[in-house]
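**Q** Provided herewith: input.cif, mmCIF, C-alpha atoms.
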```cif
data_input
#
loop_
_atom_site.label_atom_id
_atom_site.label_comp_id
_atom_site.auth_asym_id
_atom_site.auth_seq_id
_atom_site.Cartn_x
_atom_site.Cartn_y
_atom_site.Cartn_z
CA MET I 1 22.38 0.43 4.29
CA LEU I 2 20.79 -2.70 5.75
CA PRO I 3 17.42 -3.75 4.30
CA SER I 4 15.82 -3.05 7.69
CA ASP I 5 17.28 0.48 7.78
CA SER I 6 16.16 1.20 4.22
CA ALA I 7 12.64 -0.08 4.87
CA MET I 8 12.28 1.90 8.08
CA GLN I 9 13.45 5.02 6.23
CA LYS I 10 10.80 4.41 3.55
CA PHE I 11 8.15 3.94 6.24
CA LEU I 12 9.22 7.22 7.83
CA GLU I 13 9.00 8.96 4.45
CA ARG I 14 5.47 7.56 4.00
CA LEU I 15 4.48 9.01 7.38
CA LEU I 16 6.13 12.35 6.57
CA SER I 17 4.19 12.61 3.30
CA ARG I 18 1.07 13.16 5.42
CA SER I 19 2.29 14.16 8.89
CA ALA I 20 4.86 16.53 10.37
CA LEU I 21 7.29 14.89 12.84
CA ASP I 22 10.16 16.60 14.61
CA PRO I 23 13.72 15.13 14.63
CA ALA I 24 13.23 13.22 17.90
CA GLU I 25 10.00 11.69 16.64
CA GLN I 26 11.61 10.73 13.34
CA GLN I 27 14.53 9.08 15.15
CA ALA I 28 12.10 7.11 17.33
CA ILE I 29 10.61 5.64 14.14
CA LEU I 30 14.03 4.79 12.74
CA ASN I 31 15.04 3.13 16.02
CA LEU I 32 12.09 0.70 16.05
CA PRO I 33 13.26 -2.90 16.61
CA CYS I 34 12.43 -5.53 14.02
CA ASN I 35 13.07 -9.05 12.81
CA VAL I 36 13.72 -9.65 9.11
CA LEU I 37 11.81 -12.41 7.29
CA GLN I 38 12.42 -13.59 3.74
CA MET I 39 9.21 -14.79 2.12
CA ARG I 40 8.85 -16.82 -1.05
CA ALA I 41 6.21 -15.88 -3.61
CA ARG I 42 2.67 -17.11 -2.94
CA ARG I 43 3.33 -17.65 0.77
CA ASP I 44 1.02 -16.26 3.44
CA ILE I 45 2.54 -13.92 6.01
CA VAL I 46 -0.60 -13.64 8.15
CA SER I 47 -3.51 -16.08 7.92
CA PRO I 48 -7.15 -15.06 8.44
CA GLY I 49 -8.08 -15.50 12.10
CA GLU I 50 -4.48 -15.50 13.30
CA THR I 51 -3.60 -13.46 16.40
CA VAL I 52 -0.34 -11.56 15.89
CA SER I 53 2.04 -9.62 18.13
CA ASN I 54 3.96 -7.91 15.32
CA ALA I 55 3.07 -5.56 12.48
CA CYS I 56 4.43 -6.29 9.00
CA LEU I 57 6.55 -3.66 7.23
CA VAL I 58 7.32 -4.39 3.58
CA ALA I 59 11.01 -3.91 2.79
CA LYS I 60 10.95 -5.43 -0.70
CA GLY I 61 8.46 -7.06 -3.04
CA LEU I 62 4.71 -6.90 -3.59
CA VAL I 63 2.36 -7.95 -0.81
CA ALA I 64 -1.45 -8.20 -0.78
CA ARG I 65 -4.12 -8.08 1.89
CA PHE I 66 -6.91 -10.54 1.14
CA ASP I 67 -10.20 -11.97 2.30
CA GLN I 68 -10.78 -15.69 1.88
CA MET I 69 -13.98 -17.61 1.19
CA ARG I 70 -14.80 -21.00 2.73
CA ASP I 71 -13.92 -22.75 -0.53
CA GLY I 72 -10.47 -21.13 -0.60
CA ARG I 73 -11.16 -18.43 -3.17
CA ARG I 74 -9.54 -15.11 -2.38
CA GLN I 75 -10.40 -11.48 -2.95
CA ILE I 76 -7.41 -9.16 -2.80
CA VAL I 77 -8.45 -5.91 -1.12
CA GLY I 78 -5.20 -3.97 -1.35
CA PHE I 79 -1.61 -4.06 -2.58
CA HIS I 80 1.35 -3.09 -0.37
CA ILE I 81 4.75 -1.94 -1.58
CA ALA I 82 8.11 -1.18 0.07
CA GLY I 83 7.62 1.26 2.94
CA ASP I 84 4.06 0.17 3.74
CA MET I 85 3.30 -1.20 7.20
CA CYS I 86 0.43 -3.21 5.85
CA ASP I 87 -1.24 -4.08 9.16
CA LEU I 88 -0.42 -1.16 11.42
CA HIS I 89 -4.00 -1.40 12.70
CA SER I 90 -3.15 -4.84 14.17
CA VAL I 91 -1.57 -2.97 17.09
CA VAL I 92 -5.10 -2.34 18.38
CA ALA I 93 -6.82 -5.29 16.61
CA PRO I 94 -4.33 -8.17 16.76
CA THR I 95 -6.70 -10.93 15.61
CA ALA I 96 -6.80 -10.74 11.83
CA GLY I 97 -10.10 -10.82 9.98
CA TRP I 98 -8.05 -10.86 6.77
CA GLY I 99 -4.80 -12.35 5.50
CA ILE I 100 -1.54 -10.98 4.14
CA SER I 101 0.32 -12.81 1.39
CA ALA I 102 3.56 -12.29 -0.52
CA LEU I 103 2.66 -12.14 -4.21
CA SER I 104 6.31 -12.01 -5.19
CA GLY I 105 9.43 -12.91 -3.24
CA ALA I 106 9.40 -10.39 -0.40
CA THR I 107 11.42 -9.11 2.53
CA ILE I 108 9.24 -8.35 5.56
CA LEU I 109 10.13 -6.68 8.85
CA HIS I 110 8.22 -7.85 11.91
CA VAL I 111 7.90 -4.82 14.21
CA PRO I 112 6.67 -5.66 17.73
CA HIS I 113 3.32 -4.20 18.74
CA SER I 114 4.84 -3.38 22.13
CA ALA I 115 7.42 -1.10 20.51
CA LEU I 116 4.81 0.64 18.34
CA ARG I 117 2.56 1.21 21.35
CA ALA I 118 5.46 2.57 23.39
CA ILE I 119 6.45 5.29 20.91
CA ALA I 120 2.78 6.17 20.29
CA VAL I 121 2.39 6.81 24.03
CA GLU I 122 5.67 8.72 24.32
CA PHE I 123 5.11 10.84 21.21
CA PRO I 124 1.47 11.90 20.59
CA ALA I 125 2.40 13.21 17.13
CA ILE I 126 3.50 9.69 16.18
CA ALA I 127 0.19 8.30 17.42
CA LEU I 128 -1.61 10.78 15.13
CA ALA I 129 0.70 9.87 12.24
CA PHE I 130 -0.10 6.17 12.77
CA TRP I 131 -3.81 6.97 12.91
CA ARG I 132 -3.60 8.94 9.68
CA ASP I 133 -1.59 6.18 8.00
CA SER I 134 -4.22 3.59 8.91
CA THR I 135 -6.87 5.96 7.56
CA VAL I 136 -5.11 5.89 4.19
CA ASP I 137 -5.40 2.10 4.04
CA ALA I 138 -9.11 2.34 4.92
CA SER I 139 -9.57 4.99 2.22
CA ILE I 140 -7.93 2.74 -0.36
CA ILE I 141 -10.19 -0.19 0.56
CA ALA I 142 -13.27 2.05 0.29
CA LYS I 143 -12.19 3.19 -3.18
CA TRP I 144 -11.54 -0.41 -4.23
CA VAL I 145 -15.07 -1.37 -3.14
CA GLY I 146 -16.53 1.32 -5.39
CA ASN I 147 -14.23 0.36 -8.25
CA LEU I 148 -15.14 -3.31 -7.93
CA GLY I 149 -18.86 -2.77 -7.53
CA ARG I 150 -19.56 -0.06 -10.11
CA GLN I 151 -16.82 -0.06 -12.77
CA ASP I 152 -16.46 -2.26 -15.84
CA ALA I 153 -13.43 -4.53 -16.37
CA ARG I 154 -11.45 -1.97 -18.35
CA ALA I 155 -11.88 0.72 -15.69
CA ARG I 156 -11.09 -1.68 -12.83
CA VAL I 157 -7.76 -2.73 -14.29
CA ALA I 158 -6.89 0.83 -15.32
CA HIS I 159 -7.62 2.06 -11.78
CA VAL I 160 -5.28 -0.47 -10.18
CA LEU I 161 -2.52 0.51 -12.63
CA CYS I 162 -3.02 4.22 -11.93
CA GLU I 163 -2.98 3.71 -8.18
CA LEU I 164 0.15 1.58 -8.17
CA GLY I 165 1.92 3.97 -10.54
CA ILE I 166 1.25 6.94 -8.25
CA ARG I 167 2.11 5.08 -5.06
CA MET I 168 5.32 3.57 -6.44
CA GLU I 169 6.44 6.93 -7.78
CA ARG I 170 5.81 8.68 -4.46
CA ALA I 171 7.51 5.89 -2.48
CA GLY I 172 10.56 5.89 -4.74
CA VAL I 173 9.91 2.27 -5.74
CA ALA I 174 9.60 3.39 -9.38
CA ALA I 175 11.20 6.38 -11.07
CA SER I 176 7.89 7.37 -12.64
CA ARG I 177 4.19 6.54 -12.50
CA THR I 178 4.43 5.81 -16.22
CA CYS I 179 6.92 2.94 -15.89
CA PHE I 180 6.89 0.48 -12.99
CA VAL I 181 7.12 -3.21 -12.17
CA LEU I 182 3.88 -4.97 -11.29
CA ASP I 183 5.28 -8.17 -9.82
CA ALA I 184 1.98 -10.05 -9.84
CA THR I 185 0.55 -12.75 -12.07
CA GLN I 186 -2.62 -12.24 -14.08
CA GLU I 187 -4.32 -14.67 -11.69
CA GLN I 188 -3.37 -12.45 -8.75
CA LEU I 189 -4.50 -9.34 -10.59
CA ALA I 190 -7.77 -11.13 -11.31
CA ASP I 191 -8.21 -11.70 -7.57
CA ALA I 192 -7.83 -7.93 -7.08
CA VAL I 193 -10.35 -6.83 -9.71
CA GLY I 194 -12.97 -9.56 -9.35
CA LEU I 195 -12.47 -11.08 -12.80
CA THR I 196 -11.13 -14.30 -14.25
CA ALA I 197 -7.52 -14.45 -15.39
CA VAL I 198 -8.76 -14.86 -18.97
CA HIS I 199 -10.87 -11.69 -18.67
CA VAL I 200 -7.91 -9.79 -17.20
CA ASN I 201 -5.73 -10.90 -20.12
CA ARG I 202 -8.32 -9.69 -22.62
CA THR I 203 -8.68 -6.39 -20.78
CA ILE I 204 -4.93 -5.78 -20.76
CA GLN I 205 -4.81 -6.58 -24.48
CA ARG I 206 -7.56 -4.01 -25.07
CA LEU I 207 -5.67 -1.35 -23.10
CA ARG I 208 -2.65 -2.12 -25.29
CA ARG I 209 -4.66 -1.88 -28.52
CA ASP I 210 -6.07 1.45 -27.39
CA GLY I 211 -2.52 2.75 -26.96
CA LEU I 212 -2.82 3.31 -23.20
CA ILE I 213 -0.19 0.86 -21.95
CA GLU I 214 2.60 -1.46 -23.03
CA SER I 215 3.92 -4.36 -20.97
CA ARG I 216 7.07 -6.43 -21.10
CA GLY I 217 7.13 -9.22 -18.56
CA HIS I 218 6.14 -7.57 -15.29
CA THR I 219 7.10 -4.05 -16.45
CA VAL I 220 4.14 -1.77 -17.20
CA GLU I 221 4.70 1.31 -19.34
CA VAL I 222 1.86 3.82 -19.43
CA LYS I 223 1.83 5.39 -22.90
CA ASP I 224 -1.03 7.84 -22.27
CA TRP I 225 -1.46 8.68 -18.59
CA PRO I 226 -4.35 11.18 -19.02
CA ALA I 227 -6.32 8.68 -21.09
CA LEU I 228 -5.65 5.83 -18.64
CA ALA I 229 -6.71 8.01 -15.69
CA GLN I 230 -9.85 9.07 -17.56
CA THR I 231 -10.69 5.45 -18.34
CA ALA I 232 -10.32 4.60 -14.65
CA GLU I 233 -12.09 7.74 -13.40
CA PHE I 234 -8.95 8.00 -11.27
CA ASP I 235 -8.68 10.84 -8.76
CA PRO I 236 -5.72 10.37 -6.36
CA ALA I 237 -7.38 12.44 -3.61
CA TYR I 238 -8.28 9.23 -1.73
CA LEU I 239 -4.55 8.54 -1.26
CA LEU I 240 -4.36 11.66 0.96
CA LEU I 241 -1.10 12.82 -0.61
CA ASP I 242 -2.04 16.50 -0.93
CA ASP I 243 0.30 18.60 1.21
CA ASN I 244 -2.72 20.61 2.35
CA ALA I 245 -3.83 17.51 4.27
CA ARG I 246 -0.69 17.44 6.43
CA TRP I 247 -1.02 18.20 10.14
CA THR I 248 1.28 18.84 13.06
CA THR I 249 0.71 18.71 16.79
CA GLN I 250 1.05 21.82 18.95
CA PRO I 251 0.99 21.90 22.78
CA SER I 252 -2.60 23.11 22.92
CA ALA I 253 -4.01 22.58 19.45
CA ILE I 254 -3.78 20.84 16.13
CA ARG I 255 -3.26 23.14 13.18
CA THR I 256 -2.78 22.67 9.43
CA HIS I 257 0.79 22.49 8.20
CA GLY I 258 1.85 23.58 4.74
CA SER I 259 -0.08 25.45 2.08
CA GLY I 260 0.19 23.43 -1.08
CA GLN I 261 2.74 21.64 -3.17
#
```
Could you rewrite the structure in this file as structure tokens?
**A**
Amino acid sequence: MLPSDSAMQKFLERLLSRSALDPAEQQAILNLPCNVLQMRARRDIVSPGETVSNACLVAKGLVARFDQMRDGRRQIVGFHIAGDMCDLHSVVAPTAGWGISALSGATILHVPHSALRAIAVEFPAIALAFWRDSTVDASIIAKWVGNLGRQDARARVAHVLCELGIRMERAGVAASRTCFVLDATQEQLADAVGLTAVHVNRTIQRLRRDGLIESRGHTVEVKDWPALAQTAEFDPAYLLLDDNARWTTQPSAIRTHGSGQ
């Protein structure tokens, strides 16, 4: 399978985790045109203020959305993994008030806004699925704001690890939430949790001493998931992965789909 085919399949699976799409709608997603870009680590994909005509779908690697201060300092406001279309909202807001950067080496698919608009018009259920997917990204940013503004360093780092573990597991990027690759430096993690790299290092060492995690290179192994989640006050509801939240479109109404996991 080509990287573009695999990435589009992962994007479809992300949509299907929250929305019901019929076979024709699913095929329309898989048939979306794209251009493949290979990005080196620490390279920007979209710069703040740039006007774009394509959305970015992550095929491989770890990507971050960020805000940038006048002096060049950055605040990472979200991580994106394989299967995430990290700026789907750019279809309706093409001038970026944020940036997107490859934290690791990454493969990115540029999907034309024109193609995304066309299938959203042709298939209303896809438009709703796109809307719901963008809502997830907004929900994650809102949770990150609370985490950054009201949690201590230990809880901030633990929350990021819990979120990535869950998301990577559900996306099939990692076999389990308790063992995954976090392909980011401590400096990049510091930009995500509002701390210095030194403080992040000390916090990770404390989580190790407490028996919550182990790390080897970029591989994170969660030794005690309940304790890590408790430390983070982590509740995955904001990720909108509960099957009860799935919806489908009917000719004259919108009704709930599914009744639990």
**Q** What is the distance between atom CA of I:Asp133 and atom CA of I:Ala106, in Å to one decimal?
**A**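 Result for atom CA of I:Asp133 versus atom CA of I:Ala106: 21.6 Å, one decimal.
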**Q** Rounded to one decimal, what separation in Å do you get between atom CA of I:Leu164 and atom CA of I:Val91?
**A**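 Separation of atom CA of I:Leu164 and atom CA of I:Val91: 25.7 Å.
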**Q** Please, what distance in Å, to one decimal, runs between atom CA of I:Ala197 and atom CA of I:Ser104?
**A**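 Interatomic distance, atom CA of I:Ala197 to atom CA of I:Ser104: 17.4 Å.
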**Q** Dig up all the protein and nucleic acid residues within 6 Å of (-9.7, -7.2, 0.2) in the file frame, using all atoms listed in the file, and format them as a list in words.
**A**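 Those within range, by chain then number, are Arg65, Phe66, Asp67, Gln75, Ile76, Val77 and Gly78 of chain I.
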**Q** Export C-alpha atoms of the chosen residues as a short mmCIF file (atom, residue, chain, number, x, y, z; two decimals), keeping the file's coordinate frame?
**A**
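Result file follows (selection11.cif):
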```cif
data_model
loop_
_atom_site.label_atom_id
_atom_site.label_comp_id
_atom_site.auth_asym_id
_atom_site.auth_seq_id
_atom_site.Cartn_x
_atom_site.Cartn_y
_atom_site.Cartn_z
CA ARG I 65 -4.12 -8.08 1.89
CA PHE I 66 -6.91 -10.54 1.14
CA ASP I 67 -10.20 -11.97 2.30
CA GLN I 75 -10.40 -11.48 -2.95
CA ILE I 76 -7.41 -9.16 -2.80
CA VAL I 77 -8.45 -5.91 -1.12
CA GLY I 78 -5.20 -3.97 -1.35
#
```
**Q** I'd like the contact shell of I:Ala102 - 6 Å cut-off, all atoms listed in the file, skipping same-chain residues fewer than 2 positions apart - returned as an mmCIF file with C-alpha atoms, in the coordinates of the input.
**A**
```
data_model
loop_
_atom_site.group_PDB
_atom_site.id
_atom_site.type_symbol
_atom_site.label_atom_id
_atom_site.label_comp_id
_atom_site.auth_asym_id
_atom_site.auth_seq_id
_atom_site.Cartn_x
_atom_site.Cartn_y
_atom_site.Cartn_z
ATOM 1 C CA ALA I 41 6.210 -15.880 -3.610
ATOM 2 C CA ARG I 42 2.670 -17.110 -2.940
ATOM 3 C CA ARG I 43 3.330 -17.650 0.770
ATOM 4 C CA VAL I 63 2.360 -7.950 -0.810
ATOM 5 C CA SER I 104 6.310 -12.010 -5.190
#
```
**Q** Using the chain letters and residue numbers of this document, give as a PDB file with C-alpha atoms, keeping the file's coordinate frame the residues selected by the PyMOL selection byres ((chain I and resi 25) around 12).
**A**
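Output below, filename out.pdb:
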```pdb
ATOM      1  CA  LEU I  12       9.220   7.220   7.830  1.00  0.00           C
ATOM      2  CA  LEU I  15       4.480   9.010   7.380  1.00  0.00           C
ATOM      3  CA  LEU I  16       6.130  12.350   6.570  1.00  0.00           C
ATOM      4  CA  SER I  19       2.290  14.160   8.890  1.00  0.00           C
ATOM      5  CA  ALA I  20       4.860  16.530  10.370  1.00  0.00           C
ATOM      6  CA  LEU I  21       7.290  14.890  12.840  1.00  0.00           C
ATOM      7  CA  ASP I  22      10.160  16.600  14.610  1.00  0.00           C
ATOM      8  CA  PRO I  23      13.720  15.130  14.630  1.00  0.00           C
ATOM      9  CA  ALA I  24      13.230  13.220  17.900  1.00  0.00           C
ATOM     10  CA  GLN I  26      11.610  10.730  13.340  1.00  0.00           C
ATOM     11  CA  GLN I  27      14.530   9.080  15.150  1.00  0.00           C
ATOM     12  CA  ALA I  28      12.100   7.110  17.330  1.00  0.00           C
ATOM     13  CA  ILE I  29      10.610   5.640  14.140  1.00  0.00           C
ATOM     14  CA  LEU I  30      14.030   4.790  12.740  1.00  0.00           C
ATOM     15  CA  ASN I  31      15.040   3.130  16.020  1.00  0.00           C
ATOM     16  CA  LEU I  32      12.090   0.700  16.050  1.00  0.00           C
ATOM     17  CA  ILE I 119       6.450   5.290  20.910  1.00  0.00           C
ATOM     18  CA  ALA I 120       2.780   6.170  20.290  1.00  0.00           C
ATOM     19  CA  VAL I 121       2.390   6.810  24.030  1.00  0.00           C
ATOM     20  CA  GLU I 122       5.670   8.720  24.320  1.00  0.00           C
ATOM     21  CA  PHE I 123       5.110  10.840  21.210  1.00  0.00           C
ATOM     22  CA  PRO I 124       1.470  11.900  20.590  1.00  0.00           C
ATOM     23  CA  ALA I 125       2.400  13.210  17.130  1.00  0.00           C
ATOM     24  CA  ILE I 126       3.500   9.690  16.180  1.00  0.00           C
ATOM     25  CA  ALA I 127       0.190   8.300  17.420  1.00  0.00           C
ATOM     26  CA  LEU I 128      -1.610  10.780  15.130  1.00  0.00           C
ATOM     27  CA  ALA I 129       0.700   9.870  12.240  1.00  0.00           C
ATOM     28  CA  THR I 248       1.280  18.840  13.060  1.00  0.00           C
ATOM     29  CA  THR I 249       0.710  18.710  16.790  1.00  0.00           C
TER      30      THR I 249
END
```
**Q** Could you tell me which of I:Asn54, I:Thr196, I:Ala82, I:Leu88 comes closest to I:Arg167 if we count only C-alpha atoms?
**A**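 So, comparing all the options, the nearest one is I:Ala82.
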**Q** Would you kindly return, as JSON, numbers by chain, each protein, DNA or RNA residue with an atom no farther than 9 Å from any atom of I:Leu37, considering only C-alpha atoms and excluding same-chain residues fewer than 6 positions away?
**A** {"I": [106, 107, 108, 109, 110]}
**Q** Show me as a list in words the residues that reach within 9 Å of (-12.8, 5.7, -4.4), counting all atoms listed in the file and using the file's own coordinates.
**A**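 Final list of nearby residues, as requested, is Ser139, Ile140, Ile141, Ala142, Lys143, Trp144, Val145, Gly146, Asn147, Phe234, Asp235, Pro236, Ala237 and Tyr238 of chain I.
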**Q** Could those residues be written to a file, using C-alpha atoms, as a short mmCIF file (atom, residue, chain, number, x, y, z; two decimals), in the coordinates of the input?
**A**
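selection_10.cif, freshly written:
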```cif
data_model
loop_
_atom_site.label_atom_id
_atom_site.label_comp_id
_atom_site.auth_asym_id
_atom_site.auth_seq_id
_atom_site.Cartn_x
_atom_site.Cartn_y
_atom_site.Cartn_z
CA SER I 139 -9.57 4.99 2.22
CA ILE I 140 -7.93 2.74 -0.36
CA ILE I 141 -10.19 -0.19 0.56
CA ALA I 142 -13.27 2.05 0.29
CA LYS I 143 -12.19 3.19 -3.18
CA TRP I 144 -11.54 -0.41 -4.23
CA VAL I 145 -15.07 -1.37 -3.14
CA GLY I 146 -16.53 1.32 -5.39
CA ASN I 147 -14.23 0.36 -8.25
CA PHE I 234 -8.95 8.00 -11.27
CA ASP I 235 -8.68 10.84 -8.76
CA PRO I 236 -5.72 10.37 -6.36
CA ALA I 237 -7.38 12.44 -3.61
CA TYR I 238 -8.28 9.23 -1.73
#
```
**Q** Pull out every residue that the PyMOL selection byres ((chain I and resi 148-159) around 9) matches in the shown coordinates and put them as a VMD selection string.
**A** chain I and resid 143 to 147 160 to 164 189 to 190 192 to 195 199 to 200 203 to 204 206 to 207 228 to 234
**Q** With distances taken over all atoms listed in the file, which residue among I:Arg40, I:Arg208, I:Lys223, I:Arg202 lies nearest I:Cys179?
**A** I:Lys223
**Q** So which residues touch I:Gln68 within 12 Å, counting only C-alpha atoms, skipping near sequence neighbours fewer than 2 positions away, as a ChimeraX atom specification?
**A** /I:44,47-49,65-66,70-77,96-101,191
**Q** Nearest to I:Cys34: which of I:Ser17, I:Ser134, I:Gln188, I:Ser53 is it, counting only C-alpha atoms?
**A**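 Answer, going by the shortest atom-to-atom distance: I:Ser53.
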**Q** Specify the axis-aligned box that encloses all atoms of stretch 66-83 of chain I listed in the file after padding of 6 Å on each side, stating its centre and edge lengths in Å to one decimal as AutoDock Vina command-line options.
**A**
```
--center_x -3.3 --center_y -10.7 --center_z -0.1 --size_x 34.9 --size_y 36.0 --size_z 18.1
```
**Q** Using only C-alpha atoms, can you tell me which of I:Val111, I:Ala118, I:Ile81, I:Ala227 comes closest to I:Arg14?
**A**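 The shortest atom-to-atom distance to I:Arg14 comes from I:Ile81.
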**Q** Check which residues satisfy the PyMOL selection byres ((chain I and resi 7) around 8) in the file shown, then give them as number ranges by chain.
**A** I: 3-6, 8-11, 57-60, 82-83
**Q** Save stretch 15-37 of chain I from what I just supplied, as a PDB file, in the first residue's frame, atoms limited to N, CA and C atoms.
**A**
```pdb
ATOM      1  N   LEU I  15     -12.295   9.381  11.111  1.00  0.00           N
ATOM      2  CA  LEU I  15     -13.646   9.900  10.923  1.00  0.00           C
ATOM      3  C   LEU I  15     -14.684   8.884  11.384  1.00  0.00           C
ATOM      4  N   LEU I  16     -14.472   7.603  11.049  1.00  0.00           N
ATOM      5  CA  LEU I  16     -15.450   6.567  11.384  1.00  0.00           C
ATOM      6  C   LEU I  16     -15.514   6.295  12.886  1.00  0.00           C
ATOM      7  N   SER I  17     -14.484   6.681  13.629  1.00  0.00           N
ATOM      8  CA  SER I  17     -14.520   6.487  15.079  1.00  0.00           C
ATOM      9  C   SER I  17     -15.541   7.404  15.747  1.00  0.00           C
ATOM     10  N   ARG I  18     -16.001   8.420  14.989  1.00  0.00           N
ATOM     11  CA  ARG I  18     -16.954   9.374  15.559  1.00  0.00           C
ATOM     12  C   ARG I  18     -18.166   9.616  14.671  1.00  0.00           C
ATOM     13  N   SER I  19     -18.131   9.134  13.437  1.00  0.00           N
ATOM     14  CA  SER I  19     -19.211   9.401  12.481  1.00  0.00           C
ATOM     15  C   SER I  19     -19.496   8.150  11.661  1.00  0.00           C
ATOM     16  N   ALA I  20     -20.749   7.991  11.282  1.00  0.00           N
ATOM     17  CA  ALA I  20     -21.147   6.871  10.423  1.00  0.00           C
ATOM     18  C   ALA I  20     -21.183   7.346   8.977  1.00  0.00           C
ATOM     19  N   LEU I  21     -20.438   6.672   8.093  1.00  0.00           N
ATOM     20  CA  LEU I  21     -20.409   6.995   6.667  1.00  0.00           C
ATOM     21  C   LEU I  21     -20.722   5.743   5.866  1.00  0.00           C
ATOM     22  N   ASP I  22     -21.526   5.888   4.834  1.00  0.00           N
ATOM     23  CA  ASP I  22     -21.878   4.722   4.023  1.00  0.00           C
ATOM     24  C   ASP I  22     -20.741   4.416   3.044  1.00  0.00           C
ATOM     25  N   PRO I  23     -20.801   3.281   2.329  1.00  0.00           N
ATOM     26  CA  PRO I  23     -19.688   2.891   1.442  1.00  0.00           C
ATOM     27  C   PRO I  23     -19.312   3.945   0.409  1.00  0.00           C
ATOM     28  N   ALA I  24     -20.296   4.617  -0.193  1.00  0.00           N
ATOM     29  CA  ALA I  24     -19.983   5.639  -1.195  1.00  0.00           C
ATOM     30  C   ALA I  24     -19.261   6.825  -0.562  1.00  0.00           C
ATOM     31  N   GLU I  25     -19.670   7.195   0.634  1.00  0.00           N
ATOM     32  CA  GLU I  25     -19.023   8.297   1.337  1.00  0.00           C
ATOM     33  C   GLU I  25     -17.601   7.927   1.743  1.00  0.00           C
ATOM     34  N   GLN I  26     -17.414   6.698   2.194  1.00  0.00           N
ATOM     35  CA  GLN I  26     -16.075   6.244   2.549  1.00  0.00           C
ATOM     36  C   GLN I  26     -15.153   6.232   1.328  1.00  0.00           C
ATOM     37  N   GLN I  27     -15.673   5.782   0.193  1.00  0.00           N
ATOM     38  CA  GLN I  27     -14.850   5.734  -1.019  1.00  0.00           C
ATOM     39  C   GLN I  27     -14.483   7.130  -1.485  1.00  0.00           C
ATOM     40  N   ALA I  28     -15.388   8.092  -1.290  1.00  0.00           N
ATOM     41  CA  ALA I  28     -15.089   9.482  -1.660  1.00  0.00           C
ATOM     42  C   ALA I  28     -13.902  10.007  -0.855  1.00  0.00           C
ATOM     43  N   ILE I  29     -13.827   9.637   0.416  1.00  0.00           N
ATOM     44  CA  ILE I  29     -12.680  10.020   1.250  1.00  0.00           C
ATOM     45  C   ILE I  29     -11.402   9.371   0.699  1.00  0.00           C
ATOM     46  N   LEU I  30     -11.477   8.084   0.426  1.00  0.00           N
ATOM     47  CA  LEU I  30     -10.284   7.369  -0.034  1.00  0.00           C
ATOM     48  C   LEU I  30      -9.803   7.860  -1.387  1.00  0.00           C
ATOM     49  N   ASN I  31     -10.712   8.424  -2.187  1.00  0.00           N
ATOM     50  CA  ASN I  31     -10.356   8.892  -3.532  1.00  0.00           C
ATOM     51  C   ASN I  31      -9.849  10.331  -3.553  1.00  0.00           C
ATOM     52  N   LEU I  32      -9.732  10.980  -2.399  1.00  0.00           N
ATOM     53  CA  LEU I  32      -9.265  12.365  -2.377  1.00  0.00           C
ATOM     54  C   LEU I  32      -7.859  12.479  -3.000  1.00  0.00           C
ATOM     55  N   PRO I  33      -7.650  13.465  -3.862  1.00  0.00           N
ATOM     56  CA  PRO I  33      -6.316  13.652  -4.447  1.00  0.00           C
ATOM     57  C   PRO I  33      -5.361  14.247  -3.422  1.00  0.00           C
ATOM     58  N   CYS I  34      -4.086  14.025  -3.632  1.00  0.00           N
ATOM     59  CA  CYS I  34      -3.098  14.575  -2.696  1.00  0.00           C
ATOM     60  C   CYS I  34      -1.724  14.610  -3.338  1.00  0.00           C
ATOM     61  N   ASN I  35      -0.870  15.437  -2.771  1.00  0.00           N
ATOM     62  CA  ASN I  35       0.550  15.469  -3.108  1.00  0.00           C
ATOM     63  C   ASN I  35       1.336  15.099  -1.861  1.00  0.00           C
ATOM     64  N   VAL I  36       2.358  14.257  -2.031  1.00  0.00           N
ATOM     65  CA  VAL I  36       3.142  13.758  -0.904  1.00  0.00           C
ATOM     66  C   VAL I  36       4.374  14.636  -0.696  1.00  0.00           C
ATOM     67  N   LEU I  37       4.577  15.066   0.547  1.00  0.00           N
ATOM     68  CA  LEU I  37       5.755  15.864   0.906  1.00  0.00           C
ATOM     69  C   LEU I  37       6.539  15.129   1.987  1.00  0.00           C
TER      70      LEU I  37
END
```
